[in-house]
Amino acid sequence: MIVGKRGMSGTADHPFPRASMAGGAYVVSGLASAFLAYTRSVCAAYFCGAALCCALSVKVIKNFVRQPRPLGVTPLKSYGMPSTHSAVMFFYAGTVVLTSTTLPIHPSLPDHPYIRVWPPLVAGTSAVVVALSRVWWGHHDFLQIAAGSLYGATCSIIAYKMWVSGLDVYGHSLEAWLGAFMGWH
């Protein structure tokens, strides 16, 4: 058993070790940043920015709803409704599913059929695991993660619709200009 600031973690009672979940936001942010740095894609930059907007807007909604977290949990400083973790993870999952299955594969990525299969599977599974871990650890109830998940998925659909409704044209032009100016690709 490992004892941390918020209590016990890594016990046999919990399938989600707290130590692995604590850095989840850093892992997701790090992966998104690494993908952005690797592809140098304006599309990836756009969706990373949209994910940040999703996360910040959830924080605003929490302050309006002001629903407390479940009883018995070590008090956290913010409210519980909706779950920010669930919203951001389902935003990324929705974005990965939509972009992987419908948009052309970026030239920096391998042209392989699995590139359209594995990312949505991994992103979707990760989103579900993170959302359920929030309930398991007592930080949220099911309604709070359901609201966060629905909010994040809805934000991903809106961001995707904006991208394919015209922003992609500007994005491709900007990416071509940056490529010529910076010597990328």
# chains A, B, ... in the order shown; residues from 1 in each chain; ligands from 1

call {"tool": "residues_around", "arguments": {"residues": "region 44-57 of chain A", "least_positions_apart": "4", "cutoff": "7 Å", "atoms": "only C-alpha atoms", "output": "ChimeraX atom specification"}}
result
/A:32,36,61,84,88,91,152,155,159

call {"tool": "select_by_dssp", "arguments": {"residues": "region 28-162 of chain A", "states": "alpha helix (DSSP H)", "output": "VMD selection string"}}
result
chain A and resid 28 to 39 42 to 65 84 to 102 118 to 136 142 to 162

call {"tool": "atom_distance", "arguments": {"atom1": "CA of Ile157 (chain A)", "atom2": "CA of Tyr170 (chain A)"}}
result
19.1 Å

call {"tool": "atom_distance", "arguments": {"atom1": "CA of Val117 (chain A)", "atom2": "CA of Ala153 (chain A)"}}
result
18.7 Å

call {"tool": "residues_around", "arguments": {"residues": "region 98-113 of chain A", "least_positions_apart": "4", "cutoff": "12 Å", "atoms": "only C-alpha atoms", "output": "number ranges by chain"}}
result
A: 35-44, 47, 90-94, 117-124, 153-154, 156-161, 163-164, 168, 172, 175, 184-185

call {"tool": "decode", "arguments": {"residues": "region 66-113 of chain A", "atoms": "N, CA and C atoms", "output": "PDB file, in the first residue's frame"}}
result
ATOM      1  N   ARG A  66     -22.304  24.124  -9.396  1.00  0.00           N
ATOM      2  CA  ARG A  66     -21.899  24.056  -7.989  1.00  0.00           C
ATOM      3  C   ARG A  66     -22.393  22.788  -7.275  1.00  0.00           C
ATOM      4  N   GLN A  67     -22.388  21.679  -7.997  1.00  0.00           N
ATOM      5  CA  GLN A  67     -22.773  20.417  -7.368  1.00  0.00           C
ATOM      6  C   GLN A  67     -21.560  19.827  -6.660  1.00  0.00           C
ATOM      7  N   PRO A  68     -21.714  19.475  -5.388  1.00  0.00           N
ATOM      8  CA  PRO A  68     -20.559  18.936  -4.658  1.00  0.00           C
ATOM      9  C   PRO A  68     -20.172  17.545  -5.158  1.00  0.00           C
ATOM     10  N   ARG A  69     -18.962  17.176  -4.808  1.00  0.00           N
ATOM     11  CA  ARG A  69     -18.475  15.837  -5.115  1.00  0.00           C
ATOM     12  C   ARG A  69     -19.145  14.848  -4.168  1.00  0.00           C
ATOM     13  N   PRO A  70     -19.058  13.539  -4.455  1.00  0.00           N
ATOM     14  CA  PRO A  70     -19.682  12.547  -3.566  1.00  0.00           C
ATOM     15  C   PRO A  70     -19.158  12.638  -2.135  1.00  0.00           C
ATOM     16  N   LEU A  71     -20.005  12.282  -1.193  1.00  0.00           N
ATOM     17  CA  LEU A  71     -19.617  12.294   0.217  1.00  0.00           C
ATOM     18  C   LEU A  71     -18.587  11.203   0.489  1.00  0.00           C
ATOM     19  N   GLY A  72     -17.713  11.472   1.428  1.00  0.00           N
ATOM     20  CA  GLY A  72     -16.739  10.475   1.836  1.00  0.00           C
ATOM     21  C   GLY A  72     -15.413  10.571   1.119  1.00  0.00           C
ATOM     22  N   VAL A  73     -15.339  11.364   0.088  1.00  0.00           N
ATOM     23  CA  VAL A  73     -14.078  11.517  -0.619  1.00  0.00           C
ATOM     24  C   VAL A  73     -13.266  12.610   0.054  1.00  0.00           C
ATOM     25  N   THR A  74     -11.979  12.466  -0.001  1.00  0.00           N
ATOM     26  CA  THR A  74     -11.128  13.533   0.510  1.00  0.00           C
ATOM     27  C   THR A  74     -11.483  14.794  -0.271  1.00  0.00           C
ATOM     28  N   PRO A  75     -11.805  15.881   0.404  1.00  0.00           N
ATOM     29  CA  PRO A  75     -12.290  17.068  -0.305  1.00  0.00           C
ATOM     30  C   PRO A  75     -11.288  17.592  -1.346  1.00  0.00           C
ATOM     31  N   LEU A  76     -11.826  17.848  -2.514  1.00  0.00           N
ATOM     32  CA  LEU A  76     -11.053  18.505  -3.562  1.00  0.00           C
ATOM     33  C   LEU A  76     -11.558  19.934  -3.650  1.00  0.00           C
ATOM     34  N   LYS A  77     -10.789  20.799  -4.252  1.00  0.00           N
ATOM     35  CA  LYS A  77     -11.119  22.221  -4.228  1.00  0.00           C
ATOM     36  C   LYS A  77     -12.229  22.621  -5.194  1.00  0.00           C
ATOM     37  N   SER A  78     -12.490  21.817  -6.217  1.00  0.00           N
ATOM     38  CA  SER A  78     -13.508  22.205  -7.191  1.00  0.00           C
ATOM     39  C   SER A  78     -14.773  21.376  -7.010  1.00  0.00           C
ATOM     40  N   TYR A  79     -15.824  21.788  -7.713  1.00  0.00           N
ATOM     41  CA  TYR A  79     -17.097  21.077  -7.673  1.00  0.00           C
ATOM     42  C   TYR A  79     -17.011  19.838  -8.568  1.00  0.00           C
ATOM     43  N   GLY A  80     -18.051  19.011  -8.518  1.00  0.00           N
ATOM     44  CA  GLY A  80     -18.017  17.739  -9.210  1.00  0.00           C
ATOM     45  C   GLY A  80     -18.716  17.672 -10.551  1.00  0.00           C
ATOM     46  N   MET A  81     -19.689  18.544 -10.810  1.00  0.00           N
ATOM     47  CA  MET A  81     -20.507  18.427 -12.018  1.00  0.00           C
ATOM     48  C   MET A  81     -20.164  19.502 -13.007  1.00  0.00           C
ATOM     49  N   PRO A  82     -19.818  19.159 -14.228  1.00  0.00           N
ATOM     50  CA  PRO A  82     -19.493  17.846 -14.788  1.00  0.00           C
ATOM     51  C   PRO A  82     -18.017  17.504 -14.561  1.00  0.00           C
ATOM     52  N   SER A  83     -17.666  16.263 -14.802  1.00  0.00           N
ATOM     53  CA  SER A  83     -16.292  15.813 -14.617  1.00  0.00           C
ATOM     54  C   SER A  83     -15.390  16.357 -15.728  1.00  0.00           C
ATOM     55  N   THR A  84     -14.377  17.124 -15.349  1.00  0.00           N
ATOM     56  CA  THR A  84     -13.440  17.670 -16.334  1.00  0.00           C
ATOM     57  C   THR A  84     -12.624  16.560 -16.977  1.00  0.00           C
ATOM     58  N   HIS A  85     -12.183  15.592 -16.172  1.00  0.00           N
ATOM     59  CA  HIS A  85     -11.403  14.481 -16.730  1.00  0.00           C
ATOM     60  C   HIS A  85     -12.208  13.761 -17.817  1.00  0.00           C
ATOM     61  N   SER A  86     -13.463  13.470 -17.515  1.00  0.00           N
ATOM     62  CA  SER A  86     -14.307  12.768 -18.481  1.00  0.00           C
ATOM     63  C   SER A  86     -14.531  13.617 -19.726  1.00  0.00           C
ATOM     64  N   ALA A  87     -14.772  14.907 -19.537  1.00  0.00           N
ATOM     65  CA  ALA A  87     -15.024  15.786 -20.677  1.00  0.00           C
ATOM     66  C   ALA A  87     -13.819  15.836 -21.612  1.00  0.00           C
ATOM     67  N   VAL A  88     -12.641  16.033 -21.066  1.00  0.00           N
ATOM     68  CA  VAL A  88     -11.448  16.150 -21.909  1.00  0.00           C
ATOM     69  C   VAL A  88     -11.109  14.818 -22.572  1.00  0.00           C
ATOM     70  N   MET A  89     -11.212  13.731 -21.818  1.00  0.00           N
ATOM     71  CA  MET A  89     -10.897  12.423 -22.409  1.00  0.00           C
ATOM     72  C   MET A  89     -11.894  12.064 -23.511  1.00  0.00           C
ATOM     73  N   PHE A  90     -13.170  12.355 -23.315  1.00  0.00           N
ATOM     74  CA  PHE A  90     -14.145  12.062 -24.365  1.00  0.00           C
ATOM     75  C   PHE A  90     -14.040  13.064 -25.510  1.00  0.00           C
ATOM     76  N   PHE A  91     -13.552  14.269 -25.238  1.00  0.00           N
ATOM     77  CA  PHE A  91     -13.259  15.190 -26.341  1.00  0.00           C
ATOM     78  C   PHE A  91     -12.176  14.579 -27.227  1.00  0.00           C
ATOM     79  N   TYR A  92     -11.067  14.158 -26.616  1.00  0.00           N
ATOM     80  CA  TYR A  92      -9.994  13.551 -27.398  1.00  0.00           C
ATOM     81  C   TYR A  92     -10.454  12.272 -28.093  1.00  0.00           C
ATOM     82  N   ALA A  93     -11.217  11.442 -27.399  1.00  0.00           N
ATOM     83  CA  ALA A  93     -11.697  10.197 -28.007  1.00  0.00           C
ATOM     84  C   ALA A  93     -12.587  10.500 -29.214  1.00  0.00           C
ATOM     85  N   GLY A  94     -13.521  11.426 -29.045  1.00  0.00           N
ATOM     86  CA  GLY A  94     -14.395  11.804 -30.163  1.00  0.00           C
ATOM     87  C   GLY A  94     -13.618  12.386 -31.325  1.00  0.00           C
ATOM     88  N   THR A  95     -12.663  13.229 -31.013  1.00  0.00           N
ATOM     89  CA  THR A  95     -11.841  13.837 -32.057  1.00  0.00           C
ATOM     90  C   THR A  95     -11.026  12.794 -32.807  1.00  0.00           C
ATOM     91  N   VAL A  96     -10.421  11.876 -32.060  1.00  0.00           N
ATOM     92  CA  VAL A  96      -9.611  10.828 -32.695  1.00  0.00           C
ATOM     93  C   VAL A  96     -10.484   9.940 -33.577  1.00  0.00           C
ATOM     94  N   VAL A  97     -11.671   9.580 -33.099  1.00  0.00           N
ATOM     95  CA  VAL A  97     -12.564   8.748 -33.905  1.00  0.00           C
ATOM     96  C   VAL A  97     -12.974   9.486 -35.181  1.00  0.00           C
ATOM     97  N   LEU A  98     -13.405  10.728 -35.043  1.00  0.00           N
ATOM     98  CA  LEU A  98     -13.867  11.484 -36.209  1.00  0.00           C
ATOM     99  C   LEU A  98     -12.745  11.755 -37.218  1.00  0.00           C
ATOM    100  N   THR A  99     -11.613  12.199 -36.726  1.00  0.00           N
ATOM    101  CA  THR A  99     -10.532  12.544 -37.658  1.00  0.00           C
ATOM    102  C   THR A  99      -9.867  11.306 -38.257  1.00  0.00           C
ATOM    103  N   SER A 100      -9.702  10.257 -37.464  1.00  0.00           N
ATOM    104  CA  SER A 100      -9.048   9.046 -37.969  1.00  0.00           C
ATOM    105  C   SER A 100      -9.873   8.336 -39.029  1.00  0.00           C
ATOM    106  N   THR A 101     -11.169   8.435 -38.907  1.00  0.00           N
ATOM    107  CA  THR A 101     -12.029   7.691 -39.829  1.00  0.00           C
ATOM    108  C   THR A 101     -12.494   8.490 -41.037  1.00  0.00           C
ATOM    109  N   THR A 102     -12.359   9.816 -41.005  1.00  0.00           N
ATOM    110  CA  THR A 102     -12.925  10.608 -42.108  1.00  0.00           C
ATOM    111  C   THR A 102     -11.925  11.498 -42.837  1.00  0.00           C
ATOM    112  N   LEU A 103     -10.928  12.016 -42.147  1.00  0.00           N
ATOM    113  CA  LEU A 103      -9.999  12.951 -42.783  1.00  0.00           C
ATOM    114  C   LEU A 103      -8.856  12.202 -43.470  1.00  0.00           C
ATOM    115  N   PRO A 104      -8.235  12.845 -44.455  1.00  0.00           N
ATOM    116  CA  PRO A 104      -7.073  12.207 -45.082  1.00  0.00           C
ATOM    117  C   PRO A 104      -5.944  12.022 -44.062  1.00  0.00           C
ATOM    118  N   ILE A 105      -5.170  10.969 -44.252  1.00  0.00           N
ATOM    119  CA  ILE A 105      -4.046  10.710 -43.356  1.00  0.00           C
ATOM    120  C   ILE A 105      -2.973  11.762 -43.608  1.00  0.00           C
ATOM    121  N   HIS A 106      -2.471  12.348 -42.530  1.00  0.00           N
ATOM    122  CA  HIS A 106      -1.437  13.377 -42.645  1.00  0.00           C
ATOM    123  C   HIS A 106      -0.184  12.768 -43.275  1.00  0.00           C
ATOM    124  N   PRO A 107       0.502  13.526 -44.145  1.00  0.00           N
ATOM    125  CA  PRO A 107       1.688  12.991 -44.827  1.00  0.00           C
ATOM    126  C   PRO A 107       2.803  12.519 -43.886  1.00  0.00           C
ATOM    127  N   SER A 108       2.838  13.006 -42.661  1.00  0.00           N
ATOM    128  CA  SER A 108       3.896  12.604 -41.729  1.00  0.00           C
ATOM    129  C   SER A 108       3.608  11.243 -41.073  1.00  0.00           C
ATOM    130  N   LEU A 109       2.384  10.737 -41.245  1.00  0.00           N
ATOM    131  CA  LEU A 109       1.996   9.476 -40.618  1.00  0.00           C
ATOM    132  C   LEU A 109       2.089   8.333 -41.632  1.00  0.00           C
ATOM    133  N   PRO A 110       2.313   7.113 -41.144  1.00  0.00           N
ATOM    134  CA  PRO A 110       2.397   5.978 -42.067  1.00  0.00           C
ATOM    135  C   PRO A 110       1.050   5.713 -42.745  1.00  0.00           C
ATOM    136  N   ASP A 111       1.108   5.400 -44.019  1.00  0.00           N
ATOM    137  CA  ASP A 111      -0.111   5.103 -44.774  1.00  0.00           C
ATOM    138  C   ASP A 111      -0.410   3.610 -44.634  1.00  0.00           C
ATOM    139  N   HIS A 112      -1.015   3.270 -43.504  1.00  0.00           N
ATOM    140  CA  HIS A 112      -1.303   1.886 -43.182  1.00  0.00           C
ATOM    141  C   HIS A 112      -2.749   1.801 -42.698  1.00  0.00           C
ATOM    142  N   PRO A 113      -3.474   0.744 -43.059  1.00  0.00           N
ATOM    143  CA  PRO A 113      -4.886   0.654 -42.629  1.00  0.00           C
ATOM    144  C   PRO A 113      -5.076   0.717 -41.115  1.00  0.00           C
TER     145      PRO A 113
END
